[in-house]
Amino acid sequence: MLARQSAAQDSSQGTGVSCPVDHDHLVDILKKSVKPSGGPSNGGLDNHEWAAVVNRQGIVCAIAFSGTKPDDQWRGCQAIAAEKANTANAFSLKDKAMATANLYTGAQPGGFLFGAASSNPPIPDTINAGQSQDFGTQHDPMIGKQVGGVIVFGGGVALYDGNGIVGALGVSGDSSCADHNVAWRVRHLLGLDHIPSGVNPNMKDAIIYDIGPDGKSPSGFGHPKCNGKEDQIAVDLGAGVSGNVVR
């Protein structure tokens with residue numbers, strides 16, 4: 001793992017970490033994707049958001065926030081965004097994408113992924129490092145490190161260019177359903193949504209709102225609805241499907 005990390009650091013300029021996304025571009029796109037900084041509503045609380053990107057080696061390579069300073073977003077969501085990116089990267093393949101939203105049902109008791117959320121704990125030395133003035137900048141102390149963590153709710157999506165998977169994006173700071181919508185918007189605007197396939201046959205790694213009153217998901221990959229209009233917006237975006245049929 002250390003050899004892979006060194007190779008990634010040696011393969012690019014600037015931060016020394018290869019990355020599918022430029023920091024300034026990520027900031028610009030994130031601000032355009034959330035309401036407080038002039039973007040559209042995503043159906044939740046319409047909070048400012050954190051975004052984090054890992055490369056295919058699982059190394060954090062870009063972190064951004066949509067506000068004007070770190071305190072404009074929920075501070076705890078900086079680490080969660082990075083852990084979502086780590087998760088989507090770790091559970092996605094070149095030919096099949098898995099959003100963190102797709103992991104929810106399988107990670108519940110009795111599910112085929114039960115225990116996944118505690119299988120790879122976040123690395124304290126990574127998420128607690130550095131000074132707050134560097135958070136979300138090109139010098140964020142997480143950059144160049146592996147963050148660990150497995151998150152099994154919405155907000156993490158794998159990134160695909162024309163040749164395959166190149167890493168993953170995590171978004172956090174609102175409801176998990178809204179985070180998924182923001183991540184979907186950001187990925188599309190970055191041009192890294194060349195998704196080959198996923199657990200949702202026609203909508204790839206879209207969020208699936210098919211958990212019924214009995215708590216069961218017919219697809220096996222369902223995610224709970226949140227309290228706002230996130231599910232409606234997801235359907236409009238093509239980022240989700242609502243109901244008991246996976247289209």
# chains A, B, ... in the order shown; residues from 1 in each chain; ligands from 1
>>> closest_atom_pairs(of="range 137-156 of chain A", to="range 105-116 of chain A", cutoff="12 Å", atoms="only C-alpha atoms", output="tab-separated table")
residue	atom	partner	partner_atom	distance
A:Gly149	CA	A:Ala116	CA	9.7
A:Val150	CA	A:Ala116	CA	6.9
A:Ile151	CA	A:Ala116	CA	8.6
A:Val152	CA	A:Ala107	CA	6.9
A:Phe153	CA	A:Thr105	CA	9.3
A:Gly154	CA	A:Thr105	CA	11.7
>>> write_last_selection(atoms="all heavy atoms", output="PDB file, in the first residue's frame")
ATOM      1  N   GLY A 149     -12.577   4.406   6.453  1.00  0.00           N
ATOM      2  CA  GLY A 149     -13.990   4.646   6.689  1.00  0.00           C
ATOM      3  C   GLY A 149     -14.876   4.018   5.634  1.00  0.00           C
ATOM      4  O   GLY A 149     -14.522   3.978   4.453  1.00  0.00           O
ATOM      5  N   VAL A 150     -16.015   3.492   6.078  1.00  0.00           N
ATOM      6  CA  VAL A 150     -17.039   2.967   5.184  1.00  0.00           C
ATOM      7  C   VAL A 150     -18.364   3.590   5.583  1.00  0.00           C
ATOM      8  O   VAL A 150     -18.818   3.426   6.715  1.00  0.00           O
ATOM      9  CB  VAL A 150     -17.143   1.428   5.258  1.00  0.00           C
ATOM     10  CG1 VAL A 150     -18.300   0.927   4.400  1.00  0.00           C
ATOM     11  CG2 VAL A 150     -15.836   0.789   4.800  1.00  0.00           C
ATOM     12  N   ILE A 151     -18.982   4.328   4.667  1.00  0.00           N
ATOM     13  CA  ILE A 151     -20.250   5.006   4.905  1.00  0.00           C
ATOM     14  C   ILE A 151     -21.325   4.330   4.063  1.00  0.00           C
ATOM     15  O   ILE A 151     -21.137   4.109   2.868  1.00  0.00           O
ATOM     16  CB  ILE A 151     -20.164   6.498   4.524  1.00  0.00           C
ATOM     17  CG1 ILE A 151     -19.081   7.202   5.338  1.00  0.00           C
ATOM     18  CG2 ILE A 151     -21.511   7.185   4.709  1.00  0.00           C
ATOM     19  CD1 ILE A 151     -19.352   7.325   6.815  1.00  0.00           C
ATOM     20  N   VAL A 152     -22.462   4.017   4.689  1.00  0.00           N
ATOM     21  CA  VAL A 152     -23.497   3.256   3.986  1.00  0.00           C
ATOM     22  C   VAL A 152     -24.789   4.062   3.854  1.00  0.00           C
ATOM     23  O   VAL A 152     -25.884   3.542   3.992  1.00  0.00           O
ATOM     24  CB  VAL A 152     -23.744   1.898   4.680  1.00  0.00           C
ATOM     25  CG1 VAL A 152     -22.520   1.017   4.582  1.00  0.00           C
ATOM     26  CG2 VAL A 152     -24.145   2.079   6.149  1.00  0.00           C
ATOM     27  N   PHE A 153     -24.644   5.349   3.540  1.00  0.00           N
ATOM     28  CA  PHE A 153     -25.793   6.174   3.192  1.00  0.00           C
ATOM     29  C   PHE A 153     -25.364   7.160   2.115  1.00  0.00           C
ATOM     30  O   PHE A 153     -24.186   7.266   1.796  1.00  0.00           O
ATOM     31  CB  PHE A 153     -26.395   6.879   4.416  1.00  0.00           C
ATOM     32  CG  PHE A 153     -25.402   7.583   5.304  1.00  0.00           C
ATOM     33  CD1 PHE A 153     -24.922   8.848   4.990  1.00  0.00           C
ATOM     34  CD2 PHE A 153     -24.970   6.990   6.482  1.00  0.00           C
ATOM     35  CE1 PHE A 153     -24.026   9.510   5.816  1.00  0.00           C
ATOM     36  CE2 PHE A 153     -24.069   7.641   7.312  1.00  0.00           C
ATOM     37  CZ  PHE A 153     -23.599   8.902   6.986  1.00  0.00           C
ATOM     38  N   GLY A 154     -26.308   7.874   1.537  1.00  0.00           N
ATOM     39  CA  GLY A 154     -26.078   8.631   0.322  1.00  0.00           C
ATOM     40  C   GLY A 154     -25.031   9.722   0.402  1.00  0.00           C
ATOM     41  O   GLY A 154     -24.826  10.344   1.460  1.00  0.00           O
TER      42      GLY A 154
END
>>> closest_atom_pairs(of="range 101-163 of chain A", to="range 14-27 of chain A", cutoff="9 Å", atoms="only C-alpha atoms", output="JSON lines")
{"residue": "A:Gly136", "atom": "CA", "partner": "A:Val27", "partner_atom": "CA", "distance": 8.9}
{"residue": "A:Thr137", "atom": "CA", "partner": "A:His23", "partner_atom": "CA", "distance": 7.7}
{"residue": "A:Gln138", "atom": "CA", "partner": "A:His23", "partner_atom": "CA", "distance": 6.5}
{"residue": "A:His139", "atom": "CA", "partner": "A:Thr15", "partner_atom": "CA", "distance": 7.8}
{"residue": "A:Ile143", "atom": "CA", "partner": "A:Val17", "partner_atom": "CA", "distance": 7.8}
{"residue": "A:Gly144", "atom": "CA", "partner": "A:Val17", "partner_atom": "CA", "distance": 6.0}
{"residue": "A:Leu159", "atom": "CA", "partner": "A:Pro20", "partner_atom": "CA", "distance": 8.3}
{"residue": "A:Asp161", "atom": "CA", "partner": "A:Pro20", "partner_atom": "CA", "distance": 8.7}
>>> residues_around(residues="range 202-219 of chain A", least_positions_apart="5", cutoff="10 Å", atoms="only C-alpha atoms", output="PyMOL selection string")
chain A and resi 92+96-106+153-155+157-158+177+180-181+184+195-197+224-226+231+234-235+237-247
>>> write_last_selection(atoms="C-alpha atoms", output="PDB file, in the first residue's frame")
ATOM      1  CA  SER A  92     -16.892   0.189  -7.332  1.00  0.00           C
ATOM      2  CA  LYS A  96     -19.863  -1.567 -12.204  1.00  0.00           C
ATOM      3  CA  ALA A  97     -20.450   1.498 -10.033  1.00  0.00           C
ATOM      4  CA  MET A  98     -21.705   1.359  -6.460  1.00  0.00           C
ATOM      5  CA  ALA A  99     -22.865   4.571  -4.803  1.00  0.00           C
ATOM      6  CA  THR A 100     -22.786   4.702  -1.018  1.00  0.00           C
ATOM      7  CA  ALA A 101     -26.592   5.036  -1.160  1.00  0.00           C
ATOM      8  CA  ASN A 102     -26.741   1.571  -2.755  1.00  0.00           C
ATOM      9  CA  LEU A 103     -25.071   0.019   0.304  1.00  0.00           C
ATOM     10  CA  TYR A 104     -27.674   0.967   2.899  1.00  0.00           C
ATOM     11  CA  THR A 105     -29.971  -2.073   2.782  1.00  0.00           C
ATOM     12  CA  GLY A 106     -27.192  -4.622   2.465  1.00  0.00           C
ATOM     13  CA  PHE A 153     -25.793   6.174   3.192  1.00  0.00           C
ATOM     14  CA  GLY A 154     -26.078   8.631   0.322  1.00  0.00           C
ATOM     15  CA  GLY A 155     -23.426  11.073  -0.849  1.00  0.00           C
ATOM     16  CA  VAL A 157     -20.248   8.176  -6.040  1.00  0.00           C
ATOM     17  CA  ALA A 158     -17.474   6.704  -8.144  1.00  0.00           C
ATOM     18  CA  CYS A 177     -30.461  12.068   0.291  1.00  0.00           C
ATOM     19  CA  HIS A 180     -26.491  12.144  -3.103  1.00  0.00           C
ATOM     20  CA  ASN A 181     -28.193  14.724  -5.331  1.00  0.00           C
ATOM     21  CA  TRP A 184     -24.671  13.513  -8.778  1.00  0.00           C
ATOM     22  CA  ILE A 195     -20.801   5.135 -15.682  1.00  0.00           C
ATOM     23  CA  PRO A 196     -20.679   1.702 -17.335  1.00  0.00           C
ATOM     24  CA  SER A 197     -23.307  -0.034 -15.220  1.00  0.00           C
ATOM     25  CA  PRO A 224     -34.661   5.386   3.112  1.00  0.00           C
ATOM     26  CA  LYS A 225     -36.393   8.565   2.034  1.00  0.00           C
ATOM     27  CA  CYS A 226     -35.433  11.719   3.886  1.00  0.00           C
ATOM     28  CA  ASP A 231     -36.504  11.910  -3.734  1.00  0.00           C
ATOM     29  CA  ALA A 234     -33.397  12.804  -7.582  1.00  0.00           C
ATOM     30  CA  VAL A 235     -35.954  11.473 -10.058  1.00  0.00           C
ATOM     31  CA  LEU A 237     -32.098  14.663 -12.101  1.00  0.00           C
ATOM     32  CA  GLY A 238     -31.986  11.048 -13.174  1.00  0.00           C
ATOM     33  CA  ALA A 239     -30.113  10.465  -9.919  1.00  0.00           C
ATOM     34  CA  GLY A 240     -32.732   8.228  -8.356  1.00  0.00           C
ATOM     35  CA  VAL A 241     -35.818   6.117  -8.745  1.00  0.00           C
ATOM     36  CA  SER A 242     -38.802   6.245  -6.430  1.00  0.00           C
ATOM     37  CA  GLY A 243     -41.181   3.358  -5.820  1.00  0.00           C
ATOM     38  CA  ASN A 244     -40.921  -0.398  -5.800  1.00  0.00           C
ATOM     39  CA  VAL A 245     -39.736  -0.851  -9.371  1.00  0.00           C
ATOM     40  CA  VAL A 246     -36.069  -0.532 -10.285  1.00  0.00           C
ATOM     41  CA  ARG A 247     -36.134   0.794 -13.834  1.00  0.00           C
TER      42      ARG A 247
END
>>> atom_distance(atom1="CA of Ser66 in chain A", atom2="CA of Asp125 in chain A")
24.9 Å
>>> closest_residue(among="A:Asp236, A:Asp134, A:Glu83, A:Asp71", to="Gln146 in chain A", atoms="only C-alpha atoms")
A:Glu83
>>> select_by_dssp(residues="range 67-241 of chain A", states="alpha helix (DSSP H)", output="PDB file with N, CA and C atoms, in the first residue's frame")
ATOM      1  N   CYS A  77     -18.666  17.021   8.869  1.00  0.00           N
ATOM      2  CA  CYS A  77     -18.915  16.444   7.547  1.00  0.00           C
ATOM      3  C   CYS A  77     -17.702  16.490   6.635  1.00  0.00           C
ATOM      4  N   GLN A  78     -16.651  17.177   7.048  1.00  0.00           N
ATOM      5  CA  GLN A  78     -15.423  17.148   6.258  1.00  0.00           C
ATOM      6  C   GLN A  78     -14.891  15.726   6.176  1.00  0.00           C
ATOM      7  N   ALA A  79     -14.781  15.073   7.328  1.00  0.00           N
ATOM      8  CA  ALA A  79     -14.288  13.693   7.358  1.00  0.00           C
ATOM      9  C   ALA A  79     -15.273  12.739   6.702  1.00  0.00           C
ATOM     10  N   ILE A  80     -16.584  12.976   6.918  1.00  0.00           N
ATOM     11  CA  ILE A  80     -17.587  12.082   6.334  1.00  0.00           C
ATOM     12  C   ILE A  80     -17.537  12.135   4.812  1.00  0.00           C
ATOM     13  N   ALA A  81     -17.342  13.320   4.244  1.00  0.00           N
ATOM     14  CA  ALA A  81     -17.232  13.439   2.782  1.00  0.00           C
ATOM     15  C   ALA A  81     -16.076  12.592   2.262  1.00  0.00           C
ATOM     16  N   ALA A  82     -14.939  12.662   2.944  1.00  0.00           N
ATOM     17  CA  ALA A  82     -13.779  11.877   2.516  1.00  0.00           C
ATOM     18  C   ALA A  82     -14.034  10.380   2.677  1.00  0.00           C
ATOM     19  N   GLU A  83     -14.712  10.000   3.751  1.00  0.00           N
ATOM     20  CA  GLU A  83     -15.026   8.586   3.958  1.00  0.00           C
ATOM     21  C   GLU A  83     -16.033   8.076   2.927  1.00  0.00           C
ATOM     22  N   LYS A  84     -16.968   8.929   2.513  1.00  0.00           N
ATOM     23  CA  LYS A  84     -17.893   8.540   1.446  1.00  0.00           C
ATOM     24  C   LYS A  84     -17.128   8.303   0.142  1.00  0.00           C
ATOM     25  N   ALA A  85     -16.196   9.189  -0.168  1.00  0.00           N
ATOM     26  CA  ALA A  85     -15.390   8.998  -1.376  1.00  0.00           C
ATOM     27  C   ALA A  85     -14.608   7.694  -1.291  1.00  0.00           C
ATOM     28  N   ASN A  86     -14.025   7.445  -0.132  1.00  0.00           N
ATOM     29  CA  ASN A  86     -13.281   6.207   0.066  1.00  0.00           C
ATOM     30  C   ASN A  86     -14.165   4.988  -0.163  1.00  0.00           C
ATOM     31  N   THR A  87     -15.391   5.048   0.337  1.00  0.00           N
ATOM     32  CA  THR A  87     -16.314   3.922   0.217  1.00  0.00           C
ATOM     33  C   THR A  87     -16.717   3.661  -1.221  1.00  0.00           C
ATOM     34  N   ALA A  88     -17.124   4.718  -1.927  1.00  0.00           N
ATOM     35  CA  ALA A  88     -17.553   4.545  -3.318  1.00  0.00           C
ATOM     36  C   ALA A  88     -16.413   4.014  -4.178  1.00  0.00           C
ATOM     37  N   ASN A  89     -15.207   4.459  -3.915  1.00  0.00           N
ATOM     38  CA  ASN A  89     -14.055   3.969  -4.657  1.00  0.00           C
ATOM     39  C   ASN A  89     -13.793   2.504  -4.338  1.00  0.00           C
ATOM     40  N   ALA A  90     -13.915   2.155  -3.066  1.00  0.00           N
ATOM     41  CA  ALA A  90     -13.582   0.790  -2.627  1.00  0.00           C
ATOM     42  C   ALA A  90     -14.592  -0.245  -3.096  1.00  0.00           C
ATOM     43  N   PRO A 124      -7.714   7.960  12.497  1.00  0.00           N
ATOM     44  CA  PRO A 124      -7.731   9.187  13.322  1.00  0.00           C
ATOM     45  C   PRO A 124      -6.633  10.176  12.978  1.00  0.00           C
ATOM     46  N   ASP A 125      -5.423   9.679  12.684  1.00  0.00           N
ATOM     47  CA  ASP A 125      -4.323  10.584  12.386  1.00  0.00           C
ATOM     48  C   ASP A 125      -4.553  11.374  11.105  1.00  0.00           C
ATOM     49  N   THR A 126      -5.433  10.862  10.239  1.00  0.00           N
ATOM     50  CA  THR A 126      -5.754  11.588   9.009  1.00  0.00           C
ATOM     51  C   THR A 126      -6.857  12.602   9.239  1.00  0.00           C
ATOM     52  N   ILE A 127      -7.952  12.179   9.864  1.00  0.00           N
ATOM     53  CA  ILE A 127      -9.105  13.067   9.987  1.00  0.00           C
ATOM     54  C   ILE A 127      -8.928  14.137  11.060  1.00  0.00           C
ATOM     55  N   SER A 176     -28.559  12.853   3.928  1.00  0.00           N
ATOM     56  CA  SER A 176     -27.839  11.923   3.057  1.00  0.00           C
ATOM     57  C   SER A 176     -28.462  11.872   1.672  1.00  0.00           C
ATOM     58  N   CYS A 177     -29.776  12.074   1.585  1.00  0.00           N
ATOM     59  CA  CYS A 177     -30.461  12.068   0.291  1.00  0.00           C
ATOM     60  C   CYS A 177     -30.067  13.291  -0.539  1.00  0.00           C
ATOM     61  N   ALA A 178     -29.998  14.458   0.106  1.00  0.00           N
ATOM     62  CA  ALA A 178     -29.562  15.671  -0.591  1.00  0.00           C
ATOM     63  C   ALA A 178     -28.096  15.563  -0.990  1.00  0.00           C
ATOM     64  N   ASP A 179     -27.286  14.973  -0.122  1.00  0.00           N
ATOM     65  CA  ASP A 179     -25.866  14.784  -0.445  1.00  0.00           C
ATOM     66  C   ASP A 179     -25.714  13.975  -1.729  1.00  0.00           C
ATOM     67  N   HIS A 180     -26.538  12.949  -1.879  1.00  0.00           N
ATOM     68  CA  HIS A 180     -26.491  12.144  -3.103  1.00  0.00           C
ATOM     69  C   HIS A 180     -26.807  13.016  -4.321  1.00  0.00           C
ATOM     70  N   ASN A 181     -27.834  13.857  -4.207  1.00  0.00           N
ATOM     71  CA  ASN A 181     -28.193  14.724  -5.331  1.00  0.00           C
ATOM     72  C   ASN A 181     -27.061  15.675  -5.691  1.00  0.00           C
ATOM     73  N   VAL A 182     -26.430  16.253  -4.670  1.00  0.00           N
ATOM     74  CA  VAL A 182     -25.320  17.175  -4.927  1.00  0.00           C
ATOM     75  C   VAL A 182     -24.162  16.429  -5.587  1.00  0.00           C
ATOM     76  N   ALA A 183     -23.836  15.259  -5.058  1.00  0.00           N
ATOM     77  CA  ALA A 183     -22.740  14.477  -5.645  1.00  0.00           C
ATOM     78  C   ALA A 183     -23.025  14.152  -7.108  1.00  0.00           C
ATOM     79  N   TRP A 184     -24.280  13.835  -7.402  1.00  0.00           N
ATOM     80  CA  TRP A 184     -24.671  13.513  -8.778  1.00  0.00           C
ATOM     81  C   TRP A 184     -24.479  14.729  -9.686  1.00  0.00           C
ATOM     82  N   ARG A 185     -24.912  15.908  -9.199  1.00  0.00           N
ATOM     83  CA  ARG A 185     -24.750  17.143  -9.972  1.00  0.00           C
ATOM     84  C   ARG A 185     -23.268  17.436 -10.215  1.00  0.00           C
ATOM     85  N   VAL A 186     -22.479  17.360  -9.146  1.00  0.00           N
ATOM     86  CA  VAL A 186     -21.063  17.701  -9.248  1.00  0.00           C
ATOM     87  C   VAL A 186     -20.357  16.758 -10.215  1.00  0.00           C
ATOM     88  N   ARG A 187     -20.614  15.469 -10.081  1.00  0.00           N
ATOM     89  CA  ARG A 187     -19.973  14.504 -10.973  1.00  0.00           C
ATOM     90  C   ARG A 187     -20.304  14.787 -12.437  1.00  0.00           C
ATOM     91  N   HIS A 188     -21.570  15.105 -12.687  1.00  0.00           N
ATOM     92  CA  HIS A 188     -21.977  15.387 -14.064  1.00  0.00           C
ATOM     93  C   HIS A 188     -21.263  16.616 -14.608  1.00  0.00           C
ATOM     94  N   LEU A 189     -21.219  17.682 -13.812  1.00  0.00           N
ATOM     95  CA  LEU A 189     -20.587  18.912 -14.257  1.00  0.00           C
ATOM     96  C   LEU A 189     -19.072  18.766 -14.412  1.00  0.00           C
ATOM     97  N   LEU A 190     -18.494  17.816 -13.693  1.00  0.00           N
ATOM     98  CA  LEU A 190     -17.074  17.529 -13.849  1.00  0.00           C
ATOM     99  C   LEU A 190     -16.798  16.687 -15.098  1.00  0.00           C
ATOM    100  N   GLU A 230     -36.068  15.513  -1.501  1.00  0.00           N
ATOM    101  CA  GLU A 230     -34.879  14.965  -2.139  1.00  0.00           C
ATOM    102  C   GLU A 230     -35.209  13.875  -3.154  1.00  0.00           C
ATOM    103  N   ASP A 231     -36.189  13.019  -2.825  1.00  0.00           N
ATOM    104  CA  ASP A 231     -36.504  11.910  -3.734  1.00  0.00           C
ATOM    105  C   ASP A 231     -37.090  12.418  -5.045  1.00  0.00           C
ATOM    106  N   GLN A 232     -37.912  13.463  -4.979  1.00  0.00           N
ATOM    107  CA  GLN A 232     -38.478  14.032  -6.203  1.00  0.00           C
ATOM    108  C   GLN A 232     -37.390  14.654  -7.071  1.00  0.00           C
ATOM    109  N   ILE A 233     -36.484  15.374  -6.426  1.00  0.00           N
ATOM    110  CA  ILE A 233     -35.401  16.010  -7.173  1.00  0.00           C
ATOM    111  C   ILE A 233     -34.481  14.960  -7.781  1.00  0.00           C
ATOM    112  N   ALA A 234     -34.240  13.876  -7.055  1.00  0.00           N
ATOM    113  CA  ALA A 234     -33.397  12.804  -7.582  1.00  0.00           C
ATOM    114  C   ALA A 234     -33.988  12.220  -8.856  1.00  0.00           C
ATOM    115  N   VAL A 235     -35.300  12.006  -8.861  1.00  0.00           N
ATOM    116  CA  VAL A 235     -35.954  11.473 -10.058  1.00  0.00           C
ATOM    117  C   VAL A 235     -35.823  12.458 -11.211  1.00  0.00           C
ATOM    118  N   ASP A 236     -36.021  13.747 -10.934  1.00  0.00           N
ATOM    119  CA  ASP A 236     -35.902  14.763 -11.979  1.00  0.00           C
ATOM    120  C   ASP A 236     -34.487  14.823 -12.556  1.00  0.00           C
ATOM    121  N   LEU A 237     -33.495  14.621 -11.684  1.00  0.00           N
ATOM    122  CA  LEU A 237     -32.098  14.663 -12.101  1.00  0.00           C
ATOM    123  C   LEU A 237     -31.672  13.406 -12.854  1.00  0.00           C
TER     124      LEU A 237
END
>>> select_by_dssp(residues="range 129-206 of chain A", states="strand (DSSP E or B)", output="list of chain:residue names")
A:Gln146, A:Gly156, A:Val157, A:Ala158, A:Leu159, A:Tyr160, A:Asp161, A:Gly164, A:Ile165, A:Val166, A:Gly167, A:Ala168, A:Leu169, A:Gly170, A:Val171, A:Ser172, A:Asp193, A:Gly198, A:Asn200, A:Lys204
